[in-house]
Number of protein chains: 6
Amino acid sequence: MPDTASLFNQLGVVKRHIVRADKAAIDKLSRFGVATIHEAMGRVGLMKPYIRPIYTSARVCGPAVTILLQPGDNWMMHVAAEQLQPGDVVVAACTTDNDDGFFGDLLATSFRARGALGLVIDGGVRDVADLTAMNFPVFSRAVHSKGTIKATLGSVNVPVVCAGAFVNPGDVVIADIDGVVVVPAARAMDVANAAEKREALEADKRAQFAAGALGLDMYKMREPLEKAGLRYID
Amino acid sequence: MPDTASLFNQLGVVKRHIVRADKAAIDKLSRFGVATIHEAMGRVGLMKPYIRPIYTSARVCGPAVTILLQPGDNWMMHVAAEQLQPGDVVVAACTTDNDDGFFGDLLATSFRARGALGLVIDGGVRDVADLTAMNFPVFSRAVHSKGTIKATLGSVNVPVVCAGAFVNPGDVVIADIDGVVVVPAARAMDVANAAEKREALEADKRAQFAAGALGLDMYKMREPLEKAGLRYID
Amino acid sequence: MPDTASLFNQLGVVKRHIVRADKAAIDKLSRFGVATIHEAMGRVGLMKPYIRPIYTSARVCGPAVTILLQPGDNWMMHVAAEQLQPGDVVVAACTTDNDDGFFGDLLATSFRARGALGLVIDGGVRDVADLTAMNFPVFSRAVHSKGTIKATLGSVNVPVVCAGAFVNPGDVVIADIDGVVVVPAARAMDVANAAEKREALEADKRAQFAAGALGLDMYKMREPLEKAGLRYID
Amino acid sequence: MPDTASLFNQLGVVKRHIVRADKAAIDKLSRFGVATIHEAMGRVGLMKPYIRPIYTSARVCGPAVTILLQPGDNWMMHVAAEQLQPGDVVVAACTTDNDDGFFGDLLATSFRARGALGLVIDGGVRDVADLTAMNFPVFSRAVHSKGTIKATLGSVNVPVVCAGAFVNPGDVVIADIDGVVVVPAARAMDVANAAEKREALEADKRAQFAAGALGLDMYKMREPLEKAGLRYID
Amino acid sequence: MPDTASLFNQLGVVKRHIVRADKAAIDKLSRFGVATIHEAMGRVGLMKPYIRPIYTSARVCGPAVTILLQPGDNWMMHVAAEQLQPGDVVVAACTTDNDDGFFGDLLATSFRARGALGLVIDGGVRDVADLTAMNFPVFSRAVHSKGTIKATLGSVNVPVVCAGAFVNPGDVVIADIDGVVVVPAARAMDVANAAEKREALEADKRAQFAAGALGLDMYKMREPLEKAGLRYID
Amino acid sequence: MPDTASLFNQLGVVKRHIVRADKAAIDKLSRFGVATIHEAMGRVGLMKPYIRPIYTSARVCGPAVTILLQPGDNWMMHVAAEQLQPGDVVVAACTTDNDDGFFGDLLATSFRARGALGLVIDGGVRDVADLTAMNFPVFSRAVHSKGTIKATLGSVNVPVVCAGAFVNPGDVVIADIDGVVVVPAARAMDVANAAEKREALEADKRAQFAAGALGLDMYKMREPLEKAGLRYID
């Protein structure tokens with residue numbers, strides 16, 4: 001766990017220096033889909049499937065700058081903007097379930113100007129037509145026009161739980177139409193390598209399947225199925 | 001509140017003459033998005049975010065002709081058709097939560113022939129491919145093929161609660177990918193003017209954000225954040 | 001009910017020979033939408049509306065090869081692949097509610113190679129971008145990258161309840177953007193004929209509506225509405 | 001509609017003088033259950049069924065003092081306390097869906113000291129064991145310990161939409177294990193009288209049912225059922 | 001499958017003579033809980049867990065008289081009353097998801113007078129305080145006061161899908177605080193015997209667990225866990 | 001963060017030695033309710049409110065022994081039993097959302113024999129009547145009879161995300177009717193002390209409220225409300 005661990009869920013804090021995952025690992029991870037990376041990690045690290053992209057082709061991969069929001073309040077979005085570096089992905093959690101529209105095209109303009117690549121938010125967003133036109137990828141729990149205030153402190157760059165996933169600032173966040181996966185910074189290159197291997201294997205399997213081979217034979221399942229008691233009847 | 005107020009939630013009634021919001025105000029409102037109008041109204045008037053467009057580019061703005069449906073029964077849709085005037089938007093509430101397919105391409109053809117621009121319904125719709133091909137905007141709580149009957153009286157042009165929003169017949173309903181907002185007829189021009197002002201301001205802000213300015217500085221947030229106790233750490 | 005009825009919900013069984021609905025009936029049904037067929041059947045046979053297509057134009061019609069899955073386990077998908085015949089539609093139920101990603105592009109490649117046309121699943125799927133690019137229609141309760149194991153027996157070609165609908169292997173399953181409907185094999189041609197009649201009538205009604213006619217008059221509703229007590233006020 | 005109508009959904013307002021429903025009507029309504037009153041009103045006026053009592057025997061009837069809350073903020077609860085009169089029932093709506101714990105035993109102590117009888121809230125509550133021990137009836141959308149702040153203005157005694165029901169301050173709110181119903185102040189005595197009549201009829205029906213009579217005969221349903229086409233088979 | 005199978009989901013039909021499960025099997029099943037019976041059946045036959053008892057001690061076991069309801073319409077409840085025999089359990093499905101209050105204390109009085117033991121309904125109920133006082137067990141998807149009409153035909157004693165479970169009239173339905181399980185009539189005695197065996201085994205296991213034995217040893221799990229790769233670390 | 005941090009979400013691991021929170025801190029925390037402790041922690045640490053007790057008076061406080069389950073599989077429950085020490089509270093997370101009945105009276109007997117005080121589970125439980133009779137407190141996302149298998153490795157005593165909260169083995173878990181809160185072991189005594197202070201203050205406030213004092217005056221809210229723009233009207 002990175003040095004920010006003791007800050008988990010703490011409110012009223014902005015951590016300025018975070019250790020972002022290795023650039024090469026991020027670049028490599030960016031070549032794979034969420035499902036592949038999740039498998040390469042050992043089938044963990046996914047956010048809940050209620051987080052959905054605002055447009056079909058939305059895709060993003062980068063180190064997380066985290067935000068802990070309060071319900072109905074997007075003050076910390078502006079605080080976070082200052083901490084962004086080129087290539088970052090903003091991950092916004094909230095202290096409670098809330099669908100309000102914390103984010104729209106103005107903040108997207110600001111985040112992009114700072115170099116951020118996209119946003120994953122366990123909350124609502126708005127200005128979806130503009131965000132789509134900007135090709136700014138957002139993954140959210142809701143689309144909602146509900147405006148937010150700027151009154152209560154949350155935090156920036158503390159570890160958070162976002163849509164069921166634990167996210168440390170600097171972890172790699174990959175999001176596409178299949179969901180969102182979080183790769184701990186320390187494991188980024190290992191996972192990227194494992195994903196690469198997995199994908200290489202898949203190409204071969206795909207060819208076999210396309211040629212009409214059965215998984216029953218390719219994976220040698222007939223014996224274990226029989227042992228488990230599977231009965232074929234007519 | 002308009003003169004229909006005493007009819008709130010009453011069943012078995014069709015009000016023939018309603019006071020539609022001012023045409024100029026509607027025209028002006030039609031230039032703005034739902035999020036902007038909601039803000040211009042003071043952050044109220046939104047329907048719940050479970051109401052979603054059946055296709056991405058669906059958009060509508062016009063005075064509401066309201067319907068109060070019974071579950072599994074779309075009789076009042078036909079009664080409402082007769083009350084439609086060019087430019088109207090139909091807003092259909094239901095006496096209970098129900099996802100049945102109250103509306104499809106035949107009714108859309110009828111509504112359009114009468115001049116209606118679209119439908120917002122706290123219920124289900126079907127024939128979505130046809131409705132999309134017709135470019136007839138519908139915002140609904142569900143897509144469902146379930147057929148409905150014509151057996152029980154509801155009402156037309158009584159005030160209703162639709163997806164959490166109170167709607168008087170004649171109020172302006174604006175719907176787009178960000179949701180649905182209801183502007184009381186009496187406030188329509190004021191809200192349109194406020195939306196215009198807000199949008200003008202946003203253009204300037206967008207330019208500043210695009211140039212790399214921070215909300216922290218633009219909105220002078222640094223002092224209140226410090227006063228609130230925000231701590232920066234390394 | 002077909003001869004498989006006694007196998008309802010039984011685990012650990014693969015039925016090799018099922019009686020698929022008549023090819024001519026399937027061909028005829030494939031010309032109609034889900035809403036029309038559901039009406040033609042007498043307004044029954046629909047799956048719950050939470051089953052949604054992974055892309056807008058997804059559409060499928062064919063005899064069901066059924067699978068009963070265990071949560072988090074897609075072993076039976078591979079067992080089912082061997083039982084597929086050209087034109088089949090796979091219908092996968094689960095012994096409990098589960099959103100895991102039971103199906104992706106490799107299995108789709110296998111299913112297609114065996115001749116299957118598509119999948120309806122009361123569970124999650126992944127590799128949605130690939131499935132869309134392949135134009136392989138899938139209707140699911142969720143999109144989720146969560147990987148599954150191959151450890152527990154379910155069944156293939158036993159009758160199942162899938163998303164609230166009872167499905168016998170061989171029944172015709174029609175799915176489009178309006179939902180999923182199941183036509184018992186024995187009724188397939190009757191329903192196809194009824195759908196044809198219904199659609200013919202609709203063309204005429206559509207023309208009348210487009211010309212401005214009211215349902216009130218077309219369906220002679222004015223008298224029953226009056227009898228039911230509908231009051232018109234000004 | 002009462003004189004507060006123009007204040008619907010307005011923020012930042014406290015109305016000090018509201019017209020409470022007639023005391024005699026409230027007393028009479030308090031003798032009937034929610035289901036009976038809802039029927040007596042013509043089957044309207046119910047809140048959504050997700051509002052549930054915190055303990056089984058919770059029951060309340062009185063004129064509404066309304067609150068419009070902001071998400072995660074219970075400031076207006078304290079503002080409302082000052083406006084309470086003996087016999088009042090507090091009805092708290094929120095500008096968005098929010099399950100935070102807006103209310104606990106301290107506020108209940110305050111409300112009770114001011115004479116309030118109970119609370120209906122489209123939000124969360126906490127200290128449920130204490131509230132139960134106090135026998136302070138609360139009907140809520142959630143039980144949640146999540147604390148709230150005091151930072152943003154809502155309103156007191158403006159008309160609100162609460163859990164799908166429109167509530168004017170002064171309307172009679174009746175809540176029991178069957179749900180929550182809102183009776184407009186102007187209709188309170190009429191509804192109470194209708195409820196009384198309905199209940200009288202029910203006693204007689206109950207006796208007939210207990211003696212084995214069938215609704216088919218009591219309500220003369222056999223003929224309409226036959227006309228509708230009901231077939232009896234063996 | 002019983003002789004009613006061809007009537008599955010058919011509307012407008014009342015079957016007068018159904019084959020109820022064997023009385024001795026029902027009596028024996030009534031001694032076991034839902035979880036035990038579900039296991040004895042091979043882990044199938046459960047309704048979805050959203051069906052909950054209206055009071056904690058509600059419990060029922062008997063042959064099903066089935067009802068297929070239309071949304072917002074309880075006409076078939078009265079039709080069903082005439083078909084009830086002492087010991088029956090009413091199972092009410094609906095053609096769509098609907099939480100309306102289809103059932104209350106009057107119908108409970110009628111059903112009880114006809115000998116019915118209780119109700120399982122994929123819909124809402126009301127008069128919960130009265131039903132509890134009567135000790136009339138009801139298992140429902142919602143508590144809701146919403147009144148229903150008597151206008152559209154459903155069916156009585158046709159096979160239905162209720163809360164995800166397939167129910168033939170005459171099948172044994174057992175419901176308690178752990179849920180609802182449906183035992184096909186033809187398997188009733190076998191399942192009862194299997195439940196008896198299972199319960200006998202459980203008594204012994206319970207004693208061993210109470211004495212401090214570990215499942216790891218009782219079920220000889222250590223070796224398979226090791227084989228699966230479980231690592232113990234300090 | 002404790003030494004287990006690097007094991008977060010790892011599968012196939014059992015950690016035998018964990019550092020349980022200080023006994024004195026646990027004893028002190030056991031005197032306070034969940035809402036109080038959550039406030040004392042700074043308004044963080046709560047699980048989602050969908051976790052509910054199986055009976056009203058259920059209450060538990062102790063150091064967490066964590067389990068990471070696979071869907072439909074309770075193998076790790078037996079593995080965990082061996083790691084339990086007197087006073088422990090079991091916290092079971094799952095790699096995906098799953099309502100199956102992972103836990104019943106046999107496991108409760110085993111856990112109790114090992115000294116465990118109760119269970120918090122982001123999954124389903126069964127045998128609720130027995131568990132209640134045993135007075136074994138369980139907090140769960142569902143009650144469901146669905147049986148589980150023993151086939152796939154999860155973990156014991158690795159850090160997990162359970163119902164939205166991050167839990168390290170050894171952290172103090174407090175659960176009552178208001179929800180579930182997790183106190184990091186390292187902060188346990190500080191939080192206990194803060195809870196004590198808060199409760200002391202509340203007694204005084206409660207007395208003032210009971211005597212009719214207003215929060216407006218007690219908390220000096222009138223000035224900030226006025227500054228925020230609150231308008232009183234008649």
# chains A, B, ... in the order shown; residues from 1 in each chain; ligands from 1
call {"tool": "interface_residues", "arguments": {"of": "chain B", "to": "chain E", "cutoff": "9 Å", "atoms": "only C-alpha atoms", "output": "list in words"}}
result
Gln70, Pro71, Gly72, Asp73, Thr95, Thr96, Asp97, Asn98, Asp99, Asp100, Lys146, Ile149, Ala151 and Thr152 of chain B
call {"tool": "residues_around", "arguments": {"residues": "segment 45-62 of chain C", "least_positions_apart": "3", "cutoff": "7 Å", "atoms": "only C-alpha atoms", "output": "VMD selection string"}}
result
(chain B and resid 143 to 144) or (chain C and resid 26 30 38 87 to 89 117 to 118 128 132 137 to 141 163 to 165 172 to 177 179 to 183)
call {"tool": "write_last_selection", "arguments": {"atoms": "N, CA, C and O atoms", "output": "compact mmCIF listing (two decimals), in the first residue's frame"}}
result
# COMPACT_ATOMS: atom_id res chain seq x y z
N VAL B 143 -38.53 0.75 -21.25
CA VAL B 143 -38.94 0.26 -22.56
C VAL B 143 -39.54 -1.12 -22.30
O VAL B 143 -38.89 -1.97 -21.68
N HIS B 144 -40.78 -1.31 -22.70
CA HIS B 144 -41.46 -2.57 -22.37
C HIS B 144 -42.56 -2.80 -23.41
O HIS B 144 -43.34 -1.91 -23.69
N ILE C 26 -40.96 -20.06 -37.58
CA ILE C 26 -39.87 -19.19 -37.12
C ILE C 26 -39.59 -18.12 -38.17
O ILE C 26 -39.44 -16.93 -37.84
N SER C 30 -40.03 -14.12 -37.62
CA SER C 30 -38.86 -13.24 -37.70
C SER C 30 -39.18 -11.92 -38.41
O SER C 30 -38.39 -10.98 -38.36
N HIS C 38 -46.07 -10.28 -29.01
CA HIS C 38 -46.64 -10.35 -27.65
C HIS C 38 -48.15 -10.11 -27.70
O HIS C 38 -48.93 -10.81 -27.03
N GLY C 87 -29.18 -21.55 -36.58
CA GLY C 87 -30.44 -20.86 -36.37
C GLY C 87 -30.87 -20.77 -34.93
O GLY C 87 -31.81 -20.03 -34.60
N ASP C 88 -30.19 -21.50 -34.05
CA ASP C 88 -30.60 -21.51 -32.64
C ASP C 88 -30.33 -20.17 -31.95
O ASP C 88 -29.41 -19.43 -32.32
N VAL C 89 -31.12 -19.92 -30.90
CA VAL C 89 -30.88 -18.79 -30.01
C VAL C 89 -30.66 -19.37 -28.62
O VAL C 89 -31.47 -20.16 -28.13
N LEU C 117 -27.48 -17.85 -33.46
CA LEU C 117 -27.73 -16.49 -33.94
C LEU C 117 -27.53 -15.42 -32.88
O LEU C 117 -27.31 -14.25 -33.21
N GLY C 118 -27.66 -15.81 -31.60
CA GLY C 118 -27.56 -14.80 -30.55
C GLY C 118 -27.82 -15.39 -29.20
O GLY C 118 -28.00 -16.61 -29.05
N VAL C 128 -18.27 -6.23 -24.79
CA VAL C 128 -19.41 -5.68 -25.50
C VAL C 128 -18.98 -4.98 -26.79
O VAL C 128 -19.69 -5.04 -27.80
N THR C 132 -20.35 -6.21 -30.36
CA THR C 132 -21.01 -5.26 -31.25
C THR C 132 -20.34 -5.25 -32.62
O THR C 132 -21.01 -5.25 -33.66
N PRO C 137 -25.87 -10.44 -31.61
CA PRO C 137 -26.87 -9.85 -30.72
C PRO C 137 -26.93 -10.55 -29.36
O PRO C 137 -27.06 -11.77 -29.29
N VAL C 138 -26.81 -9.76 -28.31
CA VAL C 138 -26.93 -10.28 -26.94
C VAL C 138 -27.91 -9.39 -26.18
O VAL C 138 -27.86 -8.17 -26.30
N PHE C 139 -28.78 -10.04 -25.42
CA PHE C 139 -29.74 -9.34 -24.56
C PHE C 139 -29.47 -9.82 -23.14
O PHE C 139 -29.56 -11.02 -22.87
N SER C 140 -29.14 -8.89 -22.25
CA SER C 140 -28.66 -9.29 -20.92
C SER C 140 -29.22 -8.41 -19.81
O SER C 140 -29.79 -7.36 -20.07
N ARG C 141 -29.03 -8.84 -18.56
CA ARG C 141 -29.46 -8.02 -17.42
C ARG C 141 -28.38 -7.04 -16.99
O ARG C 141 -28.65 -6.15 -16.18
N ALA C 163 -35.71 -14.53 -16.59
CA ALA C 163 -36.20 -13.15 -16.49
C ALA C 163 -37.73 -13.12 -16.44
O ALA C 163 -38.37 -12.29 -17.07
N GLY C 164 -38.29 -14.06 -15.69
CA GLY C 164 -39.73 -14.08 -15.46
C GLY C 164 -40.53 -14.84 -16.51
O GLY C 164 -41.74 -15.00 -16.36
N ALA C 165 -39.88 -15.31 -17.57
CA ALA C 165 -40.60 -16.04 -18.62
C ALA C 165 -40.23 -17.52 -18.58
O ALA C 165 -39.07 -17.87 -18.35
N VAL C 172 -39.84 -20.63 -29.60
CA VAL C 172 -39.26 -19.54 -30.38
C VAL C 172 -39.02 -18.32 -29.49
O VAL C 172 -39.93 -17.89 -28.78
N VAL C 173 -37.83 -17.81 -29.56
CA VAL C 173 -37.47 -16.62 -28.80
C VAL C 173 -37.23 -15.49 -29.78
O VAL C 173 -36.41 -15.64 -30.70
N ILE C 174 -37.95 -14.39 -29.60
CA ILE C 174 -37.75 -13.22 -30.46
C ILE C 174 -37.32 -12.07 -29.55
O ILE C 174 -37.98 -11.80 -28.54
N ALA C 175 -36.26 -11.40 -29.92
CA ALA C 175 -35.74 -10.31 -29.10
C ALA C 175 -35.38 -9.13 -29.98
O ALA C 175 -34.78 -9.30 -31.04
N ASP C 176 -35.79 -7.95 -29.55
CA ASP C 176 -35.35 -6.73 -30.23
C ASP C 176 -35.31 -5.61 -29.21
O ASP C 176 -35.35 -5.86 -28.00
N ILE C 177 -35.23 -4.38 -29.66
CA ILE C 177 -35.06 -3.27 -28.72
C ILE C 177 -36.24 -3.11 -27.77
O ILE C 177 -36.13 -2.50 -26.72
N GLY C 179 -37.69 -5.66 -26.22
CA GLY C 179 -37.69 -6.70 -25.20
C GLY C 179 -37.55 -8.09 -25.79
O GLY C 179 -37.04 -8.26 -26.89
N VAL C 180 -38.00 -9.07 -25.02
CA VAL C 180 -37.87 -10.47 -25.42
C VAL C 180 -39.20 -11.18 -25.19
O VAL C 180 -39.79 -11.06 -24.12
N VAL C 181 -39.66 -11.92 -26.21
CA VAL C 181 -40.90 -12.67 -26.07
C VAL C 181 -40.64 -14.13 -26.42
O VAL C 181 -39.81 -14.43 -27.29
N VAL C 182 -41.33 -15.03 -25.70
CA VAL C 182 -41.16 -16.46 -25.90
C VAL C 182 -42.46 -17.05 -26.43
O VAL C 182 -43.51 -16.94 -25.78
N VAL C 183 -42.39 -17.68 -27.61
CA VAL C 183 -43.57 -18.30 -28.20
C VAL C 183 -43.44 -19.82 -28.09
O VAL C 183 -42.50 -20.39 -28.66
call {"tool": "residues_around", "arguments": {"residues": "Met218 of chain D", "least_positions_apart": "4", "cutoff": "9 Å", "atoms": "only C-alpha atoms", "output": "ChimeraX atom specification"}}
result
/D:205,208-209,213-214
call {"tool": "residues_around", "arguments": {"residues": "Val14 of chain F", "least_positions_apart": "3", "cutoff": "9 Å", "atoms": "only C-alpha atoms", "output": "number ranges by chain"}}
result
E: 230-234; F: 11, 79-80, 83, 154-158
call {"tool": "atom_distance", "arguments": {"atom1": "atom CA of Ser6 of chain A", "atom2": "atom CA of Ala24 of chain A"}}
result
27.4 Å
call {"tool": "residues_around", "arguments": {"residues": "Met134 of chain F", "least_positions_apart": "5", "cutoff": "9 Å", "atoms": "only C-alpha atoms", "output": "ChimeraX atom specification"}}
result
/F:105,108-109,129
call {"tool": "residues_around", "arguments": {"residues": "Lys28 of chain C", "least_positions_apart": "3", "cutoff": "9 Å", "atoms": "only C-alpha atoms", "output": "JSON, numbers by chain"}}
result
{"C": [23, 24, 25, 31, 32, 189, 192, 193, 196]}
call {"tool": "select_by_dssp", "arguments": {"residues": "segment 14-122 of chain B", "states": "helix (DSSP H, G or I)", "output": "NGL selection string"}}
result
:B and (23-29 or 34-40 or 75-81 or 105-113)
call {"tool": "select_by_dssp", "arguments": {"residues": "segment 105-180 of chain D", "states": "strand (DSSP E or B)", "output": "PyMOL selection string"}}
result
chain D and resi 118-125+138-143+149+155-156+160-162+165-167+172-176+179-180
call {"tool": "atom_distance", "arguments": {"atom1": "atom CA of Val19 of chain F", "atom2": "atom CA of Pro63 of chain F"}}
result
9.1 Å
call {"tool": "atom_distance", "arguments": {"atom1": "atom CA of Arg222 of chain B", "atom2": "atom CA of Ser110 of chain A"}}
result
16.7 Å
call {"tool": "residues_around", "arguments": {"residues": "Glu199 of chain E", "least_positions_apart": "2", "cutoff": "12 Å", "atoms": "only C-alpha atoms", "output": "list in words"}}
result
Leu29, Arg31, Phe32, Gly33, Val34, Ala35, Thr36, Ile37, Glu39, Ala40, Ala192, Asn193, Ala194, Ala195, Glu196, Lys197, Leu201, Glu202, Ala203, Asp204, Lys205 and Arg206 of chain E; Leu106 of chain F
call {"tool": "closest_residue", "arguments": {"among": "C:Ala185, C:Ala211, C:Asp178, C:Val191", "to": "Phe103 of chain B", "atoms": "only C-alpha atoms"}}
result
C:Asp178
call {"tool": "decode", "arguments": {"residues": "segment 154-167 of chain A", "atoms": "N, CA, C and O atoms", "output": "mmCIF file, in the first residue's frame"}}
result
data_model
loop_
_atom_site.group_PDB
_atom_site.id
_atom_site.type_symbol
_atom_site.label_atom_id
_atom_site.label_comp_id
_atom_site.auth_asym_id
_atom_site.auth_seq_id
_atom_site.Cartn_x
_atom_site.Cartn_y
_atom_site.Cartn_z
ATOM 1 N N GLY A 154 -14.493 17.993 1.379
ATOM 2 C CA GLY A 154 -14.174 16.593 1.185
ATOM 3 C C GLY A 154 -12.651 16.540 1.119
ATOM 4 O O GLY A 154 -11.987 17.321 1.800
ATOM 5 N N SER A 155 -12.127 15.678 0.276
ATOM 6 C CA SER A 155 -10.676 15.562 0.185
ATOM 7 C C SER A 155 -10.228 15.305 -1.247
ATOM 8 O O SER A 155 -11.050 14.964 -2.103
ATOM 9 N N VAL A 156 -8.933 15.487 -1.471
ATOM 10 C CA VAL A 156 -8.328 15.167 -2.761
ATOM 11 C C VAL A 156 -7.081 14.316 -2.508
ATOM 12 O O VAL A 156 -6.280 14.634 -1.632
ATOM 13 N N ASN A 157 -6.977 13.250 -3.273
ATOM 14 C CA ASN A 157 -5.816 12.354 -3.188
ATOM 15 C C ASN A 157 -5.684 11.633 -1.857
ATOM 16 O O ASN A 157 -4.578 11.377 -1.382
ATOM 17 N N VAL A 158 -6.821 11.271 -1.270
ATOM 18 C CA VAL A 158 -6.812 10.293 -0.181
ATOM 19 C C VAL A 158 -7.350 8.988 -0.773
ATOM 20 O O VAL A 158 -8.070 9.004 -1.772
ATOM 21 N N PRO A 159 -7.020 7.851 -0.187
ATOM 22 C CA PRO A 159 -7.604 6.594 -0.669
ATOM 23 C C PRO A 159 -9.115 6.614 -0.438
ATOM 24 O O PRO A 159 -9.573 7.130 0.586
ATOM 25 N N VAL A 160 -9.860 6.055 -1.394
ATOM 26 C CA VAL A 160 -11.322 6.060 -1.298
ATOM 27 C C VAL A 160 -11.882 4.704 -1.728
ATOM 28 O O VAL A 160 -11.207 3.921 -2.394
ATOM 29 N N VAL A 161 -13.125 4.472 -1.346
ATOM 30 C CA VAL A 161 -13.889 3.373 -1.928
ATOM 31 C C VAL A 161 -14.849 3.998 -2.940
ATOM 32 O O VAL A 161 -15.681 4.825 -2.574
ATOM 33 N N CYS A 162 -14.700 3.635 -4.210
ATOM 34 C CA CYS A 162 -15.533 4.201 -5.279
ATOM 35 C C CYS A 162 -16.282 3.062 -5.966
ATOM 36 O O CYS A 162 -15.659 2.184 -6.573
ATOM 37 N N ALA A 163 -17.610 3.073 -5.855
ATOM 38 C CA ALA A 163 -18.434 2.035 -6.499
ATOM 39 C C ALA A 163 -17.941 0.636 -6.151
ATOM 40 O O ALA A 163 -17.861 -0.245 -6.997
ATOM 41 N N GLY A 164 -17.587 0.457 -4.884
ATOM 42 C CA GLY A 164 -17.200 -0.858 -4.390
ATOM 43 C C GLY A 164 -15.729 -1.207 -4.560
ATOM 44 O O GLY A 164 -15.286 -2.250 -4.087
ATOM 45 N N ALA A 165 -14.964 -0.343 -5.235
ATOM 46 C CA ALA A 165 -13.537 -0.617 -5.439
ATOM 47 C C ALA A 165 -12.702 0.330 -4.581
ATOM 48 O O ALA A 165 -13.018 1.513 -4.460
ATOM 49 N N PHE A 166 -11.622 -0.208 -4.025
ATOM 50 C CA PHE A 166 -10.700 0.601 -3.247
ATOM 51 C C PHE A 166 -9.705 1.234 -4.219
ATOM 52 O O PHE A 166 -9.108 0.539 -5.038
ATOM 53 N N VAL A 167 -9.535 2.550 -4.131
ATOM 54 C CA VAL A 167 -8.655 3.260 -5.055
ATOM 55 C C VAL A 167 -7.659 4.110 -4.281
ATOM 56 O O VAL A 167 -8.058 4.994 -3.510
#
